[in-house]
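Enquirer: This is entry_18.txt (compact mmCIF, C-alpha atoms and all ligand atoms).
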```txt
# COMPACT_ATOMS: atom_id res chain seq x y z
CA MET A 5 19.38 68.41 -152.83
CA GLU A 6 20.76 65.89 -150.39
CA SER A 7 23.65 65.65 -147.95
CA LEU A 8 25.88 63.88 -150.50
CA HIS A 9 25.59 66.97 -152.72
CA ALA A 10 26.56 69.19 -149.81
CA ARG A 11 29.64 67.07 -149.22
CA TYR A 12 30.60 66.81 -152.90
CA PRO A 13 28.99 69.80 -154.64
CA PHE A 14 30.96 69.30 -157.87
CA LEU A 15 29.04 66.08 -158.67
CA ARG A 16 26.86 66.08 -161.79
CA SER A 17 23.94 64.98 -159.62
CA ALA A 18 24.45 68.06 -157.39
CA ARG A 19 24.27 70.34 -160.42
CA GLU A 20 21.15 68.49 -161.62
CA ALA A 21 19.56 68.85 -158.18
CA VAL A 22 20.18 72.61 -158.22
CA ALA A 23 18.73 72.82 -161.72
CA ALA A 24 15.70 70.72 -160.71
CA ALA A 25 15.05 73.05 -157.76
CA GLU A 26 14.83 75.92 -160.29
CA VAL A 27 17.07 78.08 -158.16
CA ASP A 28 17.31 81.70 -159.32
CA LEU A 29 20.88 82.78 -158.55
CA ALA A 30 19.99 86.47 -158.47
CA GLU A 31 17.35 85.76 -155.82
CA VAL A 32 19.76 83.62 -153.83
CA VAL A 33 22.54 86.23 -153.69
CA GLY A 34 19.99 88.96 -153.03
CA GLY A 35 17.97 87.19 -150.39
CA GLU A 36 19.90 84.30 -148.85
CA ARG A 37 22.84 85.99 -147.15
CA THR A 38 23.86 82.79 -145.35
CA VAL A 39 24.60 81.22 -148.72
CA VAL A 40 26.75 84.19 -149.77
CA GLU A 41 28.58 84.17 -146.41
CA ARG A 42 29.36 80.47 -146.72
CA ALA A 43 30.52 81.04 -150.33
CA MET A 44 32.86 83.78 -149.07
CA GLU A 45 34.11 81.46 -146.33
CA ARG A 46 34.91 78.80 -148.95
CA ILE A 47 37.10 81.28 -150.86
CA GLU A 48 38.71 83.04 -147.90
CA LEU A 49 39.65 79.72 -146.30
CA ALA A 50 41.01 78.56 -149.65
CA LEU A 51 43.36 81.56 -149.60
CA GLU A 52 44.34 81.17 -145.96
CA GLU A 53 44.26 77.45 -145.29
CA GLY A 54 44.10 75.71 -148.66
CA VAL A 55 40.74 74.06 -147.82
CA VAL A 56 37.11 75.22 -148.00
CA GLY A 57 36.18 74.49 -144.40
CA GLU A 58 33.47 72.66 -142.53
CA GLN A 59 30.08 72.12 -144.12
CA HIS A 60 27.23 74.40 -143.14
CA ARG A 61 24.61 72.50 -141.13
CA ARG A 62 21.91 73.28 -143.73
CA VAL A 63 22.21 71.24 -146.92
CA ARG A 64 20.69 73.96 -149.12
CA VAL A 65 23.17 76.57 -147.86
CA GLU A 66 26.12 74.27 -148.40
CA VAL A 67 25.07 73.09 -151.85
CA LEU A 68 24.29 76.60 -153.14
CA SER A 69 27.42 78.12 -151.64
CA TYR A 70 29.47 76.19 -154.20
CA PRO A 71 28.00 77.77 -157.38
CA VAL A 72 27.98 81.17 -155.65
CA ALA A 73 31.68 80.73 -154.77
CA ARG A 74 32.43 79.93 -158.41
CA VAL A 75 30.54 83.06 -159.44
CA LEU A 76 32.56 85.16 -156.99
CA VAL A 77 35.83 83.68 -158.23
CA SER A 78 34.69 84.45 -161.79
CA LEU A 79 33.87 88.06 -160.92
CA VAL A 80 37.27 88.68 -159.35
CA ASP A 81 38.92 86.71 -162.17
CA GLU A 82 42.47 86.67 -160.82
CA HIS A 83 44.57 83.67 -161.72
CA VAL A 84 46.00 83.22 -158.21
CA LEU A 85 42.52 83.21 -156.67
CA THR A 86 41.11 80.73 -159.19
CA ARG A 87 44.08 78.43 -158.71
CA LYS A 88 43.98 78.50 -154.92
CA TYR A 89 40.21 78.08 -154.83
CA THR A 90 40.05 75.13 -157.23
CA ARG A 91 42.90 73.41 -155.40
CA ALA A 92 41.20 73.94 -152.06
CA GLU A 93 37.94 72.39 -153.32
CA ALA A 94 39.92 69.39 -154.59
CA ARG A 95 41.87 69.03 -151.36
CA THR A 96 38.71 69.16 -149.26
CA ALA A 97 37.03 66.59 -151.51
CA ARG A 98 39.97 64.27 -151.06
CA GLN A 99 39.90 64.68 -147.28
CA ARG A 100 36.18 63.91 -147.25
CA LEU A 101 36.63 60.92 -149.53
CA GLU A 102 39.31 59.52 -147.22
CA ALA A 103 37.09 60.13 -144.18
CA ASP A 104 34.21 58.39 -145.97
CA ARG A 105 36.41 55.43 -146.79
CA GLN A 106 37.46 55.09 -143.15
CA GLY A 107 33.84 55.53 -142.07
CA SER A 108 32.74 52.80 -144.47
CA ALA A 109 35.34 50.47 -143.00
CA LEU A 110 34.06 51.21 -139.49
CA LYS A 111 30.40 51.28 -140.58
CA SER A 112 30.07 54.08 -138.02
CA SER A 113 27.37 56.09 -139.74
CA ARG A 114 24.38 55.59 -142.00
CA ARG A 115 25.30 58.68 -144.03
CA ARG A 116 25.38 58.04 -147.78
CA ARG A 117 29.02 57.88 -148.76
CA LEU A 118 30.95 58.22 -151.96
CA GLY A 119 33.33 55.39 -152.83
CA LEU A 120 36.38 55.48 -155.03
CA SER A 121 34.52 53.51 -157.71
CA ASP A 122 31.71 56.12 -157.64
CA LEU A 123 34.22 58.88 -158.25
CA LEU A 124 35.94 56.95 -161.03
CA ALA A 125 32.55 56.60 -162.71
CA GLU A 126 31.78 60.30 -162.08
CA PHE A 127 34.90 61.33 -163.98
CA ASP A 128 34.54 58.67 -166.70
CA LEU A 129 37.65 56.90 -165.42
CA SER A 130 36.14 53.43 -164.85
CA GLU A 131 37.37 52.24 -168.23
CA THR A 132 40.92 53.51 -167.85
CA VAL A 133 41.59 52.61 -164.21
CA ARG A 134 41.87 48.94 -163.29
CA GLU A 135 42.30 47.44 -159.82
CA THR A 136 45.11 44.88 -159.50
CA PRO A 137 46.33 42.78 -156.55
CA ASP A 138 49.08 45.39 -155.92
CA GLY A 139 47.12 48.59 -156.42
CA TYR A 140 45.78 50.08 -159.64
CA HIS A 141 46.77 50.45 -163.27
CA VAL A 142 45.91 53.71 -165.05
CA GLY A 143 45.81 54.12 -168.82
CA VAL A 144 48.78 56.23 -169.90
CA GLY A 145 46.68 58.98 -171.52
CA THR A 146 44.63 59.42 -168.36
CA TYR A 147 47.77 59.27 -166.25
CA LEU A 148 49.45 62.02 -168.26
CA ARG A 149 46.36 64.26 -168.05
CA LEU A 150 46.00 63.90 -164.28
CA ALA A 151 49.65 63.65 -163.26
CA ALA A 152 50.87 66.74 -165.16
CA ASP A 153 50.15 69.07 -162.26
CA GLN A 154 51.36 66.75 -159.47
CA PHE A 155 54.48 67.79 -157.64
CA GLY A 156 57.57 65.57 -157.57
CA ASP A 157 59.84 63.75 -159.99
CA GLU A 158 58.21 60.44 -159.10
CA TRP A 159 55.18 61.49 -161.16
CA ARG A 160 57.19 61.92 -164.36
CA LEU A 161 56.44 59.19 -166.83
CA VAL A 162 60.15 58.44 -167.34
CA ASN A 163 60.33 57.47 -163.66
CA ARG A 164 57.34 55.09 -163.80
CA GLU A 165 56.88 51.56 -164.94
CA LEU A 166 54.84 51.32 -168.10
CA ALA A 167 53.25 48.04 -169.16
CA ASP A 168 50.85 47.57 -172.05
CA GLY A 169 49.94 51.25 -172.10
CA GLU A 170 49.18 51.34 -168.37
CA VAL A 171 50.97 52.95 -165.41
CA PRO A 172 50.83 51.12 -162.05
CA VAL A 173 49.93 53.42 -159.12
CA THR A 174 49.25 52.94 -155.42
CA GLU A 175 45.87 53.69 -153.91
CA ALA A 176 47.20 56.95 -152.41
CA GLU A 177 48.51 57.99 -155.82
CA LEU A 178 45.18 57.15 -157.43
CA LEU A 179 43.44 59.39 -154.87
CA SER A 180 45.82 62.21 -155.86
CA LEU A 181 44.94 61.67 -159.52
CA VAL A 182 41.22 61.70 -158.70
CA GLY A 183 41.85 64.91 -156.71
CA GLU A 184 43.21 66.46 -159.90
CA ALA A 185 40.08 65.32 -161.75
CA VAL A 186 38.02 67.14 -159.10
CA ARG A 187 40.17 70.27 -159.50
CA GLN A 188 39.69 70.22 -163.27
CA ARG A 189 35.91 69.83 -162.79
CA VAL A 190 35.78 72.81 -160.40
CA ASP A 191 37.96 74.84 -162.78
CA ASP A 192 35.93 73.90 -165.83
CA GLY A 193 34.28 76.95 -167.39
CA LEU A 194 35.88 79.53 -165.06
CA PRO A 195 35.54 82.44 -165.33
CA LEU A 196 31.79 82.04 -165.78
CA PRO A 197 29.74 84.72 -167.53
CA VAL A 198 27.84 86.45 -164.70
CA PRO A 199 24.59 88.38 -165.33
CA ASP A 200 24.74 92.04 -164.23
CA PRO A 201 22.07 91.79 -161.48
CA VAL A 202 24.04 88.96 -159.81
CA ALA A 203 27.35 90.85 -160.14
CA THR A 204 25.79 93.98 -158.64
CA GLU A 205 24.44 92.08 -155.62
CA LEU A 206 27.96 90.73 -155.00
CA ASP A 207 29.78 94.07 -155.28
CA ASP A 208 30.80 94.19 -151.61
CA GLU A 209 32.06 90.62 -151.58
CA GLN A 210 34.10 91.20 -154.75
CA GLY A 211 35.66 94.22 -153.08
CA ARG A 212 36.51 92.21 -149.97
CA LEU A 213 38.19 89.51 -152.01
CA ARG A 214 40.19 92.03 -154.04
CA GLU A 215 41.36 93.66 -150.81
CA ARG A 216 42.37 90.28 -149.44
CA LEU A 217 44.35 89.55 -152.59
CA ALA A 218 45.92 92.99 -152.49
CA ASP A 219 46.98 92.31 -148.89
CA LEU A 220 48.68 89.11 -149.96
CA ASP A 221 50.35 90.82 -152.91
CA LEU A 222 51.42 93.68 -150.69
CA MET A 223 53.13 91.24 -148.41
CA ARG A 224 54.85 89.68 -151.37
CA ASP A 225 56.17 93.11 -152.28
CA ILE A 226 57.48 94.03 -148.85
CA ASP A 227 61.01 92.85 -149.59
CA THR A 228 62.25 94.28 -146.30
CA VAL A 229 63.92 92.10 -143.73
CA VAL A 230 64.01 93.64 -140.27
CA PRO A 231 64.10 90.80 -137.72
CA GLU A 232 63.28 93.18 -134.84
CA MET A 233 59.83 93.65 -136.40
CA PHE A 234 59.09 89.93 -136.83
CA PRO A 235 56.04 88.55 -135.04
CA PRO A 236 56.91 86.73 -131.80
CA CYS A 237 56.22 83.28 -133.30
CA MET A 238 58.73 83.81 -136.13
CA THR A 239 61.30 85.37 -133.81
CA TYR A 240 61.02 82.26 -131.64
CA LEU A 241 61.35 79.83 -134.57
CA LEU A 242 64.33 81.70 -135.99
CA ASP A 243 65.92 81.71 -132.56
CA GLN A 244 65.44 77.95 -132.28
CA ILE A 245 67.16 77.51 -135.64
CA GLN A 246 70.04 79.75 -134.61
CA LYS A 247 70.47 77.65 -131.47
CA GLY A 248 70.63 74.46 -133.53
CA GLU A 249 67.36 73.07 -132.12
CA HIS A 250 65.36 70.48 -134.06
CA LEU A 251 62.13 71.86 -135.58
CA GLU A 252 59.08 69.84 -136.61
CA HIS A 253 58.15 69.95 -140.29
CA HIS A 254 55.23 72.36 -139.73
CA SER A 255 57.51 74.76 -137.84
CA ARG A 256 60.18 74.64 -140.55
CA PHE A 257 57.49 75.28 -143.15
CA ALA A 258 56.14 78.25 -141.16
CA ILE A 259 59.48 80.04 -140.80
CA ALA A 260 60.70 79.21 -144.32
CA SER A 261 57.47 80.38 -145.99
CA PHE A 262 57.46 83.53 -143.85
CA LEU A 263 61.05 84.40 -144.81
CA THR A 264 60.28 83.70 -148.48
CA SER A 265 57.23 85.93 -148.36
CA ILE A 266 59.12 88.91 -147.00
CA GLY A 267 61.73 88.76 -149.73
CA LEU A 268 64.61 86.53 -148.65
CA SER A 269 66.15 84.53 -151.48
CA THR A 270 66.67 80.78 -151.27
CA ASP A 271 70.44 81.32 -150.82
CA GLU A 272 69.86 83.74 -147.94
CA ILE A 273 67.49 81.33 -146.19
CA VAL A 274 69.93 78.45 -146.72
CA ASP A 275 72.66 80.64 -145.17
CA LEU A 276 70.43 81.41 -142.20
CA PHE A 277 69.47 77.79 -141.69
CA GLN A 278 72.93 76.39 -142.20
CA VAL A 279 74.00 77.30 -138.66
CA ASN A 280 71.65 74.50 -137.64
CA PRO A 281 73.30 71.08 -138.06
CA GLY A 282 69.84 69.53 -138.56
CA PHE A 283 69.38 71.41 -141.86
CA GLY A 284 71.27 69.77 -144.70
CA GLU A 285 71.81 72.29 -147.48
CA ASP A 286 70.27 70.17 -150.23
CA VAL A 287 67.14 69.41 -148.21
CA THR A 288 66.76 73.03 -147.12
CA ARG A 289 67.25 74.33 -150.65
CA TYR A 290 64.72 71.83 -151.99
CA GLN A 291 62.16 72.72 -149.30
CA VAL A 292 62.57 76.46 -149.78
CA ASP A 293 62.39 76.21 -153.57
CA HIS A 294 59.27 74.10 -153.18
CA ILE A 295 57.67 76.64 -150.86
CA ARG A 296 58.61 79.47 -153.21
CA GLY A 297 57.00 77.62 -156.12
CA ALA A 298 60.24 77.29 -158.08
CA THR A 299 60.01 73.50 -158.16
CA SER A 300 56.28 73.08 -157.78
CA SER A 301 53.15 74.52 -159.28
CA THR A 302 52.16 76.07 -155.96
CA ASP A 303 53.65 78.96 -154.09
CA TYR A 304 52.78 78.59 -150.44
CA SER A 305 51.82 81.42 -148.12
CA PRO A 306 52.81 81.21 -144.47
CA PRO A 307 50.13 79.75 -142.17
CA SER A 308 47.54 82.01 -140.57
CA CYS A 309 47.56 82.62 -136.81
CA ALA A 310 44.74 80.07 -136.41
CA THR A 311 46.85 77.38 -138.05
CA MET A 312 49.95 78.41 -136.10
CA GLN A 313 47.93 78.08 -132.91
CA SER A 314 46.62 74.64 -133.82
CA TYR A 315 50.20 73.41 -134.34
CA GLY A 316 51.51 74.98 -131.14
CA ASP A 317 53.68 77.42 -133.13
CA CYS A 318 51.97 80.56 -131.80
CA VAL A 319 54.13 81.59 -128.85
CA ASN A 320 54.87 84.78 -126.89
CA MET A 321 51.83 86.66 -128.21
CA ASP A 322 51.93 90.40 -127.62
CA ASP A 323 49.45 93.27 -127.92
CA ARG A 324 49.78 93.57 -131.69
CA CYS A 325 48.82 89.90 -132.02
CA GLU A 326 45.37 90.82 -130.71
CA THR A 327 44.82 93.03 -133.75
CA ILE A 328 45.77 90.68 -136.60
CA SER A 329 45.00 87.21 -137.90
CA HIS A 330 48.14 86.50 -139.91
CA PRO A 331 51.87 86.73 -139.09
CA LEU A 332 52.42 88.67 -142.33
CA SER A 333 49.85 91.24 -141.24
CA TYR A 334 51.69 91.57 -137.95
CA TYR A 335 54.94 92.21 -139.80
CA GLY A 336 53.40 94.64 -142.29
CA ASP A 337 51.78 96.65 -139.48
CA ALA A 338 55.00 96.67 -137.46
CA LEU A 339 56.93 98.02 -140.47
CA ASP A 340 54.26 100.68 -141.07
CA ASP A 341 54.46 101.83 -137.45
CA ALA A 342 58.26 101.91 -137.25
CA ASP A 343 60.44 105.01 -137.70
CA GLU A 344 62.45 105.09 -140.93
CA ASP A 345 65.77 104.84 -139.08
CA GLU A 346 64.63 101.63 -137.39
CA LEU A 347 64.18 99.95 -140.76
CA VAL A 348 67.70 98.89 -141.65
CA ASP A 349 67.47 95.76 -143.74
CA TRP A 350 69.21 92.72 -142.28
CA ARG A 351 70.94 92.11 -145.65
CA GLU A 352 72.47 95.60 -145.62
CA ARG A 353 73.78 94.96 -142.13
CA GLN A 354 75.33 91.67 -143.28
CA THR A 355 77.02 93.43 -146.21
CA GLU A 356 78.37 96.21 -143.98
CA ALA A 357 79.62 93.69 -141.42
CA GLY A 358 81.37 91.76 -144.20
CA GLU A 359 83.06 94.92 -145.52
CA SER A 360 84.33 95.95 -142.08
CA ASP A 361 85.90 92.49 -141.39
S1 LIG B 1 49.09 85.61 -132.86
FE1 LIG B 1 49.84 85.23 -134.91
S2 LIG B 1 51.53 86.65 -135.20
FE2 LIG B 1 51.13 86.54 -132.99
S3 LIG B 1 52.53 84.98 -132.24
FE3 LIG B 1 50.59 83.96 -132.68
S4 LIG B 1 50.80 83.22 -134.77
FE4 LIG B 1 52.40 84.73 -134.44
```
Could you quickly redo this structure as structure tokens?
Expert:
Amino acid sequence: MESLHARYPFLRSAREAVAAAEVDLAEVVGGERTVVERAMERIELALEEGVVGEQHRRVRVEVLSYPVARVLVSLVDEHVLTRKYTRAEARTARQRLEADRQGSALKSSRRRRLGLSDLLAEFDLSETVRETPDGYHVGVGTYLRLAADQFGDEWRLVNRELADGEVPVTEAELLSLVGEAVRQRVDDGLPLPVPDPVATELDDEQGRLRERLADLDLMRDIDTVVPEMFPPCMTYLLDQIQKGEHLEHHSRFAIASFLTSIGLSTDEIVDLFQVNPGFGEDVTRYQVDHIRGATSSTDYSPPSCATMQSYGDCVNMDDRCETISHPLSYYGDALDDADEDELVDWRERQTEAGESD
């Protein structure tokens, strides 16, 4: 096992290295807790952040955490978890590939790097992807297989040039297509058959992941809109919108995904946002539908507190903030703690106000 395998654990050579080391998975999950913890981190970060996080400093831990994570995803066997996990592995691989490409250009490190041509060879794409002076040409069959899950009309074949059975793409688009090849590799074979002794050793971790998923589902089911119970960050962002202030993209995403998650429809969010002259209806509707998953293959959860903090969107923290790690948890707890008569849904108030006009 070498550092390249830790960085790109889905490579065939990584799997061969694990096989050559004659690793017994039951012994690993029973005796190497660091591996199991890193595997859990991969999955939990996939749910929260859409990536699998920083590499562990020990190559063996990092390499083995990947098959253990796939085993855990297989044991839980929930579609949403598998989808988010495989996407997160692909997204992280793409980020690392881009970092490697920049590093190669700077020649800043002697670390063994993976190039685009290596990945094309890894996924048997060398024959169907051709570099041209303007970018790349991808064979139409390969293009259709790897573009099917990409978001945006620009990926539809009817909106592309097609010449001699090839589709021209930019380098950034080719990286997206390779990302999909990574996702398909990670997804391949899931759910895996898991021997009983391995499943038993991972009982606690399975339970933790199921609870985490239940939390997310619970939030999806809240369907109660009481702005007085919103976390301070969301109250602030909504206030900025109501005042007509400009919001950065990450802030707009945070408030729109939060409102979607607690049950507001696209129309209701568009109504809320429309008081802000910076929010054109079409753009807002498109963004909200995208976040909701209506026009994309992904439904996005609001960012965690850690992400909100890194973007400067965590403001006016209060005591409850010390007890949670996600704005939706804040809101769920606030609703649980409130008296029934405090929980009058904002939509009911709007209806009553409309009737009394
Ligand atoms: S700690 Fe979390 S919930 Fe509280 S303001 Fe910051 S981001 Fe919002």
Enquirer: Could you please extract the residues within 6 Å of ligand LIG 1 (chain B), counting all atoms listed in the file, and hand them back as a ChimeraX atom specification?
Expert: /A:235-237,309,312,318-321,325,330-331,334
Enquirer: Which one is closest to Val182 of chain A: A:Val56, A:Val274, A:Ala260, A:Leu123? Count only C-alpha atoms.
Expert: A:Leu123
Enquirer: Closest to Thr228 of chain A among A:Tyr335, A:Phe277, A:Tyr70, A:Tyr12, using all atoms listed in the file?
Expert: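 Closest to Thr228 of chain A of all the choices is A:Tyr335.
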Enquirer: Nearest residue to Leu29 of chain A out of A:Glu205, A:Glu165, A:Asp192, A:Asp323, using only C-alpha atoms?
Expert: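 Residue with the minimum atom-to-atom distance to Leu29 of chain A: A:Glu205.
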Enquirer: List the spatial neighbours of segment 18-23 of chain A as a compact mmCIF listing (two decimals) with C-alpha atoms, in the frame of the given file - criterion: any atom at most 9 Å away, all atoms listed in the file, same-chain residues fewer than 3 positions off excluded.
Expert:
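Output contents, as saved in out.txt:
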```
# COMPACT_ATOMS: atom_id res chain seq x y z
CA MET A 5 19.38 68.41 -152.83
CA GLU A 6 20.76 65.89 -150.39
CA LEU A 8 25.88 63.88 -150.50
CA HIS A 9 25.59 66.97 -152.72
CA ALA A 10 26.56 69.19 -149.81
CA TYR A 12 30.60 66.81 -152.90
CA PRO A 13 28.99 69.80 -154.64
CA PHE A 14 30.96 69.30 -157.87
CA LEU A 15 29.04 66.08 -158.67
CA GLU A 26 14.83 75.92 -160.29
CA VAL A 27 17.07 78.08 -158.16
CA VAL A 67 25.07 73.09 -151.85
CA LEU A 68 24.29 76.60 -153.14
CA PRO A 71 28.00 77.77 -157.38
```
Enquirer: Between A:Arg64, A:Glu41, A:Leu49, A:Pro195, which is the closest to Asp208 of chain A once you count only C-alpha atoms?
Expert: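 For Asp208 of chain A, the nearest of the given residues is A:Glu41.
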Enquirer: Mind working out the centre and edge lengths of an axis-aligned box for segment 326-330 of chain A, all listed atoms inside, 8 Å added to each side, rounded to one decimal in Å and written as JSON?
Expert:
```
{"center_x": 46.5, "center_y": 89.8, "center_z": -135.3, "size_x": 19.3, "size_y": 22.5, "size_z": 25.2}
```
Enquirer: Using only C-alpha atoms, determine which residues lie at most 6 Å from Val171 of chain A, disregarding the query and same-chain residues fewer than 2 positions distant; provide the list as a ChimeraX atom specification.
Expert: /A:141-142,144,166
Enquirer: Figure out the distance between atom CA of Tyr89 of chain A and atom CA of Leu178 of chain A, please, to one decimal in Å.
Expert: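 Separating atom CA of Leu178 of chain A from atom CA of Tyr89 of chain A is a distance of 21.7 Å.
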Enquirer: For a cut-off of 9 Å around (18.8, 85.7, -153.3), file coordinates, pick out all residues using only C-alpha atoms and list them as a list in words.
Expert: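 Checking each residue against the 9 Å limit leaves Asp28, Leu29, Ala30, Glu31, Val32, Val33, Gly34, Gly35, Glu36, Arg37, Val39, Val40, Val202 and Glu205 of chain A.
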Enquirer: Grab the atom CA of Val186 of chain A to atom CA of Ala94 of chain A distance for me, in Å with one decimal place.
Expert: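 Computing the Euclidean distance for atom CA of Val186 of chain A and atom CA of Ala94 of chain A yields 5.4 Å.
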Enquirer: What separation in Å, quoted to one decimal, exists between atom CA of Leu76 of chain A and atom CA of Val190 of chain A?
Expert: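 For atom CA of Leu76 of chain A relative to atom CA of Val190 of chain A, the distance reads 13.2 Å.
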Enquirer: Taking into account all atoms listed in the file, which residue in the set A:Leu161, A:Asp341, A:Leu181, A:Leu217 is nearest to Phe127 of chain A?
Expert: A:Leu181
Enquirer: Kindly indicate which residue among A:Pro137, A:Thr174, A:Ser255, A:Val72 lies nearest to Thr239 of chain A, using all atoms listed in the file for the distances.
Expert: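 Smallest distance to Thr239 of chain A is found for A:Ser255.
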Enquirer: For Ala310 of chain A, list every protein, DNA or RNA residue within 10 Å, evaluated using all atoms listed in the file, and leave out those in the same chain fewer than 5 positions away; present the list as an MDAnalysis selection string.
Expert: chainID A and resid 52:53 315:318 329:330
Enquirer: Excluding Ser269 of chain A and its own-chain neighbours fewer than 5 positions away, which residues fall within 10 Å of it when counting all atoms listed in the file? Please give them as an NGL selection string.
Expert: :A and (227 or 263-264 or 274-275 or 292-293 or 296)
Enquirer: Okay, now the selection with C-alpha atoms, as a PDB file, in the coordinates of the input?
Expert:
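Saved result, out_27.pdb, follows:
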```pdb
ATOM      1  CA  ASP A 227      61.010  92.850-149.590  1.00  0.00           C
ATOM      2  CA  LEU A 263      61.050  84.400-144.810  1.00  0.00           C
ATOM      3  CA  THR A 264      60.280  83.700-148.480  1.00  0.00           C
ATOM      4  CA  VAL A 274      69.930  78.450-146.720  1.00  0.00           C
ATOM      5  CA  ASP A 275      72.660  80.640-145.170  1.00  0.00           C
ATOM      6  CA  VAL A 292      62.570  76.460-149.780  1.00  0.00           C
ATOM      7  CA  ASP A 293      62.390  76.210-153.570  1.00  0.00           C
ATOM      8  CA  ARG A 296      58.610  79.470-153.210  1.00  0.00           C
TER       9      ARG A 296
END
```
